[in-house]
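Below is query-v2.cif, which holds mmCIF, C-alpha atoms and all ligand atoms.
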data_work
#
loop_
_atom_site.group_PDB
_atom_site.id
_atom_site.type_symbol
_atom_site.label_atom_id
_atom_site.label_comp_id
_atom_site.auth_asym_id
_atom_site.auth_seq_id
_atom_site.Cartn_x
_atom_site.Cartn_y
_atom_site.Cartn_z
ATOM 1 C CA MET V 1 -14.429 -40.865 -3.386
ATOM 2 C CA SER V 2 -12.345 -42.279 -6.235
ATOM 3 C CA THR V 3 -10.799 -45.726 -5.772
ATOM 4 C CA LEU V 4 -8.304 -47.828 -7.679
ATOM 5 C CA GLU V 5 -8.550 -51.507 -6.906
ATOM 6 C CA MET V 6 -6.574 -54.630 -7.706
ATOM 7 C CA ARG V 7 -8.534 -57.822 -7.341
ATOM 8 C CA ASN V 8 -6.817 -61.215 -7.122
ATOM 9 C CA VAL V 9 -4.022 -60.185 -9.465
ATOM 10 C CA SER V 10 -1.345 -62.721 -10.402
ATOM 11 C CA LYS V 11 1.430 -62.548 -12.956
ATOM 12 C CA ASP V 12 3.391 -65.478 -14.355
ATOM 13 C CA TYR V 13 6.453 -65.203 -16.563
ATOM 14 C CA ARG V 14 7.615 -68.118 -18.664
ATOM 15 C CA LEU V 15 11.379 -68.524 -18.358
ATOM 16 C CA ARG V 16 13.104 -70.365 -21.179
ATOM 17 C CA ASP V 17 16.439 -72.090 -20.916
ATOM 18 C CA GLY V 18 17.234 -73.773 -24.196
ATOM 19 C CA ARG V 19 14.531 -76.356 -24.690
ATOM 20 C CA ASN V 20 13.337 -76.195 -21.102
ATOM 21 C CA SER V 21 10.918 -73.654 -19.767
ATOM 22 C CA ARG V 22 9.383 -73.021 -16.396
ATOM 23 C CA ILE V 23 6.855 -70.619 -14.956
ATOM 24 C CA LEU V 24 7.917 -67.969 -12.483
ATOM 25 C CA ARG V 25 5.079 -66.512 -10.424
ATOM 26 C CA ALA V 26 6.129 -62.854 -9.950
ATOM 27 C CA VAL V 27 2.874 -61.685 -8.327
ATOM 28 C CA ASN V 28 0.615 -64.063 -6.436
ATOM 29 C CA ASN V 29 -3.059 -63.257 -5.896
ATOM 30 C CA VAL V 30 -2.757 -59.637 -4.733
ATOM 31 C CA SER V 31 -5.778 -57.559 -3.779
ATOM 32 C CA PHE V 32 -5.891 -53.991 -2.425
ATOM 33 C CA THR V 33 -7.819 -50.755 -2.792
ATOM 34 C CA LEU V 34 -6.192 -47.315 -3.112
ATOM 35 C CA GLU V 35 -8.018 -44.076 -2.430
ATOM 36 C CA ALA V 36 -7.196 -40.964 -4.452
ATOM 37 C CA GLY V 37 -5.207 -38.445 -2.400
ATOM 38 C CA LYS V 38 -3.825 -41.010 0.070
ATOM 39 C CA THR V 39 -0.274 -42.331 0.087
ATOM 40 C CA VAL V 40 0.392 -46.049 0.290
ATOM 41 C CA ALA V 41 3.818 -47.735 0.423
ATOM 42 C CA LEU V 42 4.379 -51.183 -1.024
ATOM 43 C CA VAL V 43 7.303 -52.744 0.820
ATOM 44 C CA GLY V 44 8.978 -56.048 0.061
ATOM 45 C CA GLN V 45 12.330 -57.663 -0.537
ATOM 46 C CA SER V 46 14.051 -57.515 -3.903
ATOM 47 C CA GLY V 47 12.280 -59.739 -6.426
ATOM 48 C CA SER V 48 9.048 -59.889 -4.455
ATOM 49 C CA GLY V 49 7.073 -58.353 -7.339
ATOM 50 C CA LYS V 50 6.701 -54.630 -6.476
ATOM 51 C CA SER V 51 7.732 -53.320 -9.898
ATOM 52 C CA THR V 52 5.678 -55.966 -11.685
ATOM 53 C CA LEU V 53 2.663 -54.940 -9.638
ATOM 54 C CA ALA V 54 3.234 -51.267 -10.519
ATOM 55 C CA LYS V 55 3.560 -52.130 -14.222
ATOM 56 C CA ILE V 56 0.304 -54.064 -14.072
ATOM 57 C CA LEU V 57 -1.375 -51.125 -12.348
ATOM 58 C CA LEU V 58 -0.138 -48.865 -15.162
ATOM 59 C CA GLN V 59 -1.260 -51.439 -17.759
ATOM 60 C CA LEU V 60 2.294 -51.750 -19.033
ATOM 61 C CA GLU V 61 2.037 -55.479 -18.260
ATOM 62 C CA ARG V 62 -1.033 -57.682 -18.475
ATOM 63 C CA PRO V 63 -1.924 -59.729 -15.432
ATOM 64 C CA THR V 64 -2.135 -63.492 -15.961
ATOM 65 C CA SER V 65 -5.307 -63.391 -13.891
ATOM 66 C CA GLY V 66 -7.304 -60.910 -11.838
ATOM 67 C CA GLU V 67 -8.555 -57.445 -12.640
ATOM 68 C CA ILE V 68 -8.038 -53.728 -12.083
ATOM 69 C CA LEU V 69 -11.002 -51.507 -11.308
ATOM 70 C CA LEU V 70 -11.159 -47.713 -11.359
ATOM 71 C CA ASP V 71 -14.137 -46.413 -9.397
ATOM 72 C CA GLY V 72 -15.557 -49.930 -9.370
ATOM 73 C CA LYS V 73 -15.368 -50.421 -13.156
ATOM 74 C CA ALA V 74 -12.949 -52.793 -14.897
ATOM 75 C CA VAL V 75 -10.396 -50.700 -16.794
ATOM 76 C CA ALA V 76 -10.096 -50.938 -20.566
ATOM 77 C CA ARG V 77 -7.061 -52.689 -22.028
ATOM 78 C CA HIS V 78 -6.838 -50.646 -25.213
ATOM 79 C CA GLY V 79 -8.252 -47.741 -27.198
ATOM 80 C CA ARG V 80 -9.871 -44.680 -25.775
ATOM 81 C CA GLY V 81 -10.744 -46.339 -22.477
ATOM 82 C CA LEU V 82 -7.043 -47.054 -21.867
ATOM 83 C CA ARG V 83 -6.112 -43.471 -22.798
ATOM 84 C CA ASP V 84 -8.688 -42.164 -20.314
ATOM 85 C CA TYR V 85 -7.312 -44.498 -17.649
ATOM 86 C CA ARG V 86 -3.797 -43.161 -18.236
ATOM 87 C CA ASN V 87 -5.074 -39.655 -17.574
ATOM 88 C CA SER V 88 -5.903 -40.829 -14.051
ATOM 89 C CA VAL V 89 -2.950 -43.091 -13.277
ATOM 90 C CA GLN V 90 0.650 -41.982 -13.889
ATOM 91 C CA MET V 91 4.017 -43.530 -13.100
ATOM 92 C CA VAL V 92 6.627 -41.359 -11.375
ATOM 93 C CA PHE V 93 9.801 -43.071 -12.575
ATOM 94 C CA GLN V 94 12.580 -43.267 -9.998
ATOM 95 C CA ASP V 95 15.603 -43.502 -12.280
ATOM 96 C CA PRO V 96 16.532 -39.959 -13.431
ATOM 97 C CA PHE V 97 18.957 -41.270 -16.073
ATOM 98 C CA ALA V 98 16.148 -43.121 -17.795
ATOM 99 C CA SER V 99 13.556 -40.389 -17.186
ATOM 100 C CA LEU V 100 15.434 -37.199 -18.024
ATOM 101 C CA ASN V 101 16.537 -36.643 -21.595
ATOM 102 C CA PRO V 102 19.569 -34.304 -21.568
ATOM 103 C CA ARG V 103 18.650 -33.054 -25.041
ATOM 104 C CA MET V 104 15.345 -31.675 -23.806
ATOM 105 C CA THR V 105 14.797 -28.613 -21.655
ATOM 106 C CA ILE V 106 13.219 -29.182 -18.249
ATOM 107 C CA GLY V 107 10.192 -27.267 -19.540
ATOM 108 C CA ASP V 108 9.787 -29.690 -22.455
ATOM 109 C CA ILE V 109 10.148 -32.719 -20.167
ATOM 110 C CA VAL V 110 7.536 -31.398 -17.729
ATOM 111 C CA ALA V 111 5.189 -30.507 -20.596
ATOM 112 C CA ALA V 112 5.614 -33.855 -22.397
ATOM 113 C CA PRO V 113 2.511 -35.507 -20.865
ATOM 114 C CA LEU V 114 0.378 -32.567 -22.048
ATOM 115 C CA ALA V 115 1.808 -32.921 -25.560
ATOM 116 C CA ILE V 116 1.381 -36.728 -25.574
ATOM 117 C CA HIS V 117 -2.208 -36.513 -24.364
ATOM 118 C CA GLY V 118 -2.945 -33.483 -26.584
ATOM 119 C CA GLU V 119 -4.104 -31.529 -23.557
ATOM 120 C CA GLY V 120 -4.440 -27.744 -23.733
ATOM 121 C CA SER V 121 -3.051 -25.470 -26.439
ATOM 122 C CA VAL V 122 0.682 -25.193 -27.154
ATOM 123 C CA ALA V 123 0.483 -21.533 -26.087
ATOM 124 C CA GLU V 124 -0.789 -22.317 -22.594
ATOM 125 C CA ARG V 125 1.757 -25.064 -21.835
ATOM 126 C CA PRO V 126 4.533 -22.762 -20.484
ATOM 127 C CA LYS V 127 2.069 -21.427 -17.912
ATOM 128 C CA ARG V 128 1.153 -24.972 -16.804
ATOM 129 C CA VAL V 129 4.872 -25.862 -16.628
ATOM 130 C CA ASN V 130 5.599 -22.786 -14.488
ATOM 131 C CA GLU V 131 2.776 -23.738 -12.130
ATOM 132 C CA MET V 132 4.309 -27.197 -11.656
ATOM 133 C CA LEU V 133 7.842 -25.812 -11.161
ATOM 134 C CA SER V 134 6.586 -23.363 -8.577
ATOM 135 C CA LEU V 135 4.750 -26.205 -6.802
ATOM 136 C CA VAL V 136 8.102 -27.967 -6.253
ATOM 137 C CA GLY V 137 9.901 -24.723 -5.337
ATOM 138 C CA LEU V 138 11.758 -24.071 -8.607
ATOM 139 C CA PRO V 139 11.814 -20.659 -10.304
ATOM 140 C CA ALA V 140 10.291 -20.370 -13.797
ATOM 141 C CA ARG V 141 13.735 -19.888 -15.422
ATOM 142 C CA PHE V 142 14.496 -23.576 -14.739
ATOM 143 C CA ALA V 143 12.156 -24.443 -17.584
ATOM 144 C CA GLU V 144 14.866 -23.320 -20.038
ATOM 145 C CA ARG V 145 17.590 -25.460 -18.473
ATOM 146 C CA ARG V 146 18.752 -28.809 -19.663
ATOM 147 C CA THR V 147 19.558 -31.752 -17.445
ATOM 148 C CA ARG V 148 23.307 -31.528 -17.662
ATOM 149 C CA CYS V 149 24.411 -33.358 -14.520
ATOM 150 C CA ASN V 150 24.907 -36.701 -16.221
ATOM 151 C CA ALA V 151 26.888 -35.065 -19.044
ATOM 152 C CA CYS V 152 29.219 -33.275 -16.572
ATOM 153 C CA ILE V 153 29.732 -35.935 -13.938
ATOM 154 C CA ARG V 154 33.037 -37.057 -15.502
ATOM 155 C CA HIS V 155 34.265 -33.437 -15.693
ATOM 156 C CA PRO V 156 34.780 -33.329 -19.464
ATOM 157 C CA ARG V 157 37.374 -30.831 -20.648
ATOM 158 C CA TYR V 158 35.054 -29.650 -23.372
ATOM 159 C CA PRO V 159 31.497 -29.668 -22.120
ATOM 160 C CA CYS V 160 29.271 -28.779 -25.094
ATOM 161 C CA ARG V 161 26.556 -26.493 -23.902
ATOM 162 C CA PRO V 162 23.973 -25.117 -26.279
ATOM 163 C CA TRP V 163 22.904 -22.375 -23.874
ATOM 164 C CA SER V 164 24.610 -19.193 -22.712
ATOM 165 C CA VAL V 165 27.244 -19.157 -19.969
ATOM 166 C CA ARG V 166 26.403 -16.668 -17.235
ATOM 167 C CA SER V 167 29.601 -16.971 -15.190
ATOM 168 C CA PRO V 168 32.790 -19.095 -15.207
ATOM 169 C CA SER V 169 31.470 -21.076 -12.214
ATOM 170 C CA ASP V 170 28.520 -22.121 -14.340
ATOM 171 C CA VAL V 171 30.605 -24.617 -16.336
ATOM 172 C CA ARG V 172 32.395 -26.203 -13.387
HETATM 173 N N1 LIG Z 1 9.890 -59.492 -17.851
HETATM 174 C C1 LIG Z 1 10.194 -60.462 -16.966
HETATM 175 N N2 LIG Z 1 10.443 -61.711 -17.381
HETATM 176 C C2 LIG Z 1 10.750 -62.699 -16.498
HETATM 177 N N3 LIG Z 1 10.820 -62.521 -15.169
HETATM 178 C C3 LIG Z 1 10.592 -61.289 -14.708
HETATM 179 C C4 LIG Z 1 10.263 -60.188 -15.561
HETATM 180 N N4 LIG Z 1 10.077 -59.081 -14.802
HETATM 181 C C5 LIG Z 1 10.274 -59.480 -13.538
HETATM 182 N N5 LIG Z 1 10.592 -60.782 -13.472
HETATM 183 C C6 LIG Z 1 10.843 -61.585 -12.245
HETATM 184 O O1 LIG Z 1 9.709 -61.397 -11.399
HETATM 185 C C7 LIG Z 1 10.112 -61.307 -10.035
HETATM 186 C C8 LIG Z 1 9.613 -59.986 -9.456
HETATM 187 O O2 LIG Z 1 10.376 -58.935 -10.027
HETATM 188 P P1 LIG Z 1 10.137 -57.407 -9.693
HETATM 189 O O3 LIG Z 1 11.049 -56.644 -10.571
HETATM 190 O O4 LIG Z 1 8.671 -57.103 -9.780
HETATM 191 O O5 LIG Z 1 10.583 -57.342 -8.166
HETATM 192 P P2 LIG Z 1 10.786 -56.062 -7.217
HETATM 193 O O6 LIG Z 1 10.029 -56.346 -5.939
HETATM 194 O O7 LIG Z 1 10.421 -54.818 -7.960
HETATM 195 O O8 LIG Z 1 12.349 -56.113 -6.948
HETATM 196 P P3 LIG Z 1 13.369 -54.874 -6.635
HETATM 197 O O9 LIG Z 1 13.131 -54.467 -5.204
HETATM 198 O O10 LIG Z 1 14.725 -55.514 -6.827
HETATM 199 O O11 LIG Z 1 13.099 -53.778 -7.635
HETATM 200 C C9 LIG Z 1 11.642 -61.448 -10.023
HETATM 201 O O12 LIG Z 1 11.944 -62.813 -9.769
HETATM 202 C C10 LIG Z 1 12.028 -61.074 -11.445
HETATM 203 O O13 LIG Z 1 13.229 -61.722 -11.840
HETATM 204 MG MG MG Z 2 11.498 -53.041 -8.505
#

How would this structure read if it were set down as structure tokens?
Amino acid sequence: MSTLEMRNVSKDYRLRDGRNSRILRAVNNVSFTLEAGKTVALVGQSGSGKSTLAKILLQLERPTSGEILLDGKAVARHGRGLRDYRNSVQMVFQDPFASLNPRMTIGDIVAAPLAIHGEGSVAERPKRVNEMLSLVGLPARFAERRTRCNACIRHPRYPCRPWSVRSPSDVR
């Protein structure tokens, strides 16, 4: 069974205010073990360090102390080892405005990790995208759509749409 473990992880940020600086301990000596396939919720009040912990787990931030182990082995901090690690551990970002690029089709957004990691041929990507869409209950034609909600939320008089209009209700 695969495990992802955090061992005695702490994270300090140095806060500067003019000439003065102080240390803020965002994460204090956290240890836990996750098992692949199980769901774990990290609950805590605002500012308690949840996002910092997630960033450390993703290796987007370095811990001040402590270590991360995948299947009992310390994970690499750079190079190929880090790329391999990122094949196993992925962030699901919660803010759609930051995650969804309205210039890209949904198919391109879903396929982006394959392109970034150079996985599979370009020709087989639409099939992989369709599999994922079907897994979340969306028909394959959604792959061609763009994420227009944020562009339309203020009801612009002239919404610029680079794709075909199927019916008048489509632009409302
Ligand atoms: N890059 C940074 N530099 C300085 N301080 C930071 C940085 N990132 C986070 N902090 C501080 O670390 C503490 C933990 O922040 P974090 O964002 O991890 O909390 P959180 O539990 O995710 O909060 P929320 O529920 O509001 O998202 C906070 O005091 C925050 O201000
Ligand atoms: Mg947070």

Open item on the list: At a cut-off of 8 Å around ligand MG 2 (chain Z), and using all atoms listed in the file, what residues come up? Please write them as a PyMOL selection string.
Closed with: chain V and resi 46-47+49-52

Quick one: 4 Å padding each side, axis-aligned, all listed atoms of ligand LIG 1 (chain Z) - centre and edge lengths in Å to one decimal, as AutoDock Vina command-line options?
--center_x 11.7 --center_y -58.3 --center_z -11.5 --size_x 14.1 --size_y 17.0 --size_z 20.6

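Here atom N2 of ligand LIG 1 (chain Z) and CA of Val43 (chain V) stand 20.5 Å from one another.
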
- [ ] Enumerate residues in contact with ligand LIG 1 (chain Z): an atom-to-atom distance of at most 9 Å, counting all atoms listed in the file. Format the result as an MDAnalysis selection string.
- [x] chainID V and resid 11:15 23:27 43:55 61

Task: Selection near Val89 (chain V), 10 Å with all atoms listed in the file, sequence-local residues under 5 positions removed, as an MDAnalysis selection string - done: chainID V and resid 4 57:59 70 84

For C-alpha atoms, I'd like the residues from the last selection saved as a PDB file, in the coordinates of the input.
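Final output, saved to selection_29.pdb:
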ATOM      1  CA  LEU V   4      -8.304 -47.828  -7.679  1.00  0.00           C
ATOM      2  CA  LEU V  57      -1.375 -51.125 -12.348  1.00  0.00           C
ATOM      3  CA  LEU V  58      -0.138 -48.865 -15.162  1.00  0.00           C
ATOM      4  CA  GLN V  59      -1.260 -51.439 -17.759  1.00  0.00           C
ATOM      5  CA  LEU V  70     -11.159 -47.713 -11.359  1.00  0.00           C
ATOM      6  CA  ASP V  84      -8.688 -42.164 -20.314  1.00  0.00           C
TER       7      ASP V  84
END

Open item on the list: Under the rule that all atoms listed in the file are counted, which of V:Val110, V:Met104, V:Ala74, V:Ile56 is the nearest residue to Lys127 (chain V)?
Closed with: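 Closest candidate: V:Val110.
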
Task: Gap from CA of Ser31 (chain V) to CA of Asp71 (chain V) - Å, one decimal - done: 15.0 Å

Open item on the list: Report, in Å to a single decimal, how far apart CA of Ser2 (chain V) and CA of Lys38 (chain V) are.
Closed with: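 If I compute the distance from CA of Lys38 (chain V) to CA of Ser2 (chain V), I get 10.7 Å.
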